[in-house]
Amino acid sequence: MATSPVARRLAIAGVCLLSLVLCCGLAWWQWEKFSSANGTFQNLGYVLQWPLFGLFPAFMFWRIRQLRLRAEANPPAEAPEPKPVRLPKPRPAQEQPADPEDAELAAYNAYLAELAARDEESRK
């Protein structure tokens with residue numbers, strides 16, 4: 001469903017205005033809590049934050065519009081044709097001679113076998 005640009009802009013403006021009104025109401029609520037006997041400085045911090053939250057949708061609409069206008073004013077230059085990549089020829093595989101088992105690895109395996117044998121003896 002296609003919408004007209006005017007309707008879309010009115011909807012965005014309505015959402016921005018609703019957001020600002022709602023967040024200013026929340027700021028007023030936090031101010032009332034801060035002014036009460038059990039109010040804290042955290043409530044005062046929220047008084048300052050809520051209006052900023054309410055202005056954020058309007059800021060984002062403005063920012064996106066600025067980026068779109070900038071992109072339309074400066075279209076990206078066409079990228080040059082990429083050069084073909086020359087890959088090196090694969091080297092023939094060299095077979096490695098089978099090495100005898102490493103002495104350190106063999107000692108470690110023997111140690112593990114000895115521990116396993118001790119464990120089985122202790123369970124009997």
# chains A, B, ... in the order shown; residues from 1 in each chain; ligands from 1

call {"tool": "residues_around", "arguments": {"residues": "A:Leu44", "least_positions_apart": "6", "cutoff": "12 Å", "atoms": "only C-alpha atoms", "output": "list in words"}}
result
Leu26, Ala27, Trp28, Trp29, Gln30, Trp31, Glu32, Lys33, Phe34, Ser35, Ser36 and Trp50 of chain A

call {"tool": "closest_atom_pairs", "arguments": {"of": "stretch 29-88 of chain A", "to": "stretch 2-11 of chain A", "cutoff": "12 Å", "atoms": "only C-alpha atoms", "output": "CSV"}}
result
residue,atom,partner,partner_atom,distance
A:Ala58,CA,A:Arg9,CA,11.5
A:Phe61,CA,A:Arg9,CA,9.8
A:Trp62,CA,A:Arg9,CA,11.5
A:Arg65,CA,A:Arg9,CA,11.2

call {"tool": "closest_residue", "arguments": {"among": "A:Ala107, A:Ala93, A:Ala13, A:Cys24", "to": "A:Phe53", "atoms": "only C-alpha atoms"}}
result
A:Cys24

call {"tool": "residues_around", "arguments": {"residues": "A:Pro57", "least_positions_apart": "4", "cutoff": "12 Å", "atoms": "only C-alpha atoms", "output": "VMD selection string"}}
result
chain A and resid 12 to 20 23 51 to 53 61 to 64

call {"tool": "closest_residue", "arguments": {"among": "A:Arg68, A:Gly25, A:Pro76, A:Ala106", "to": "A:Val47", "atoms": "only C-alpha atoms"}}
result
A:Gly25
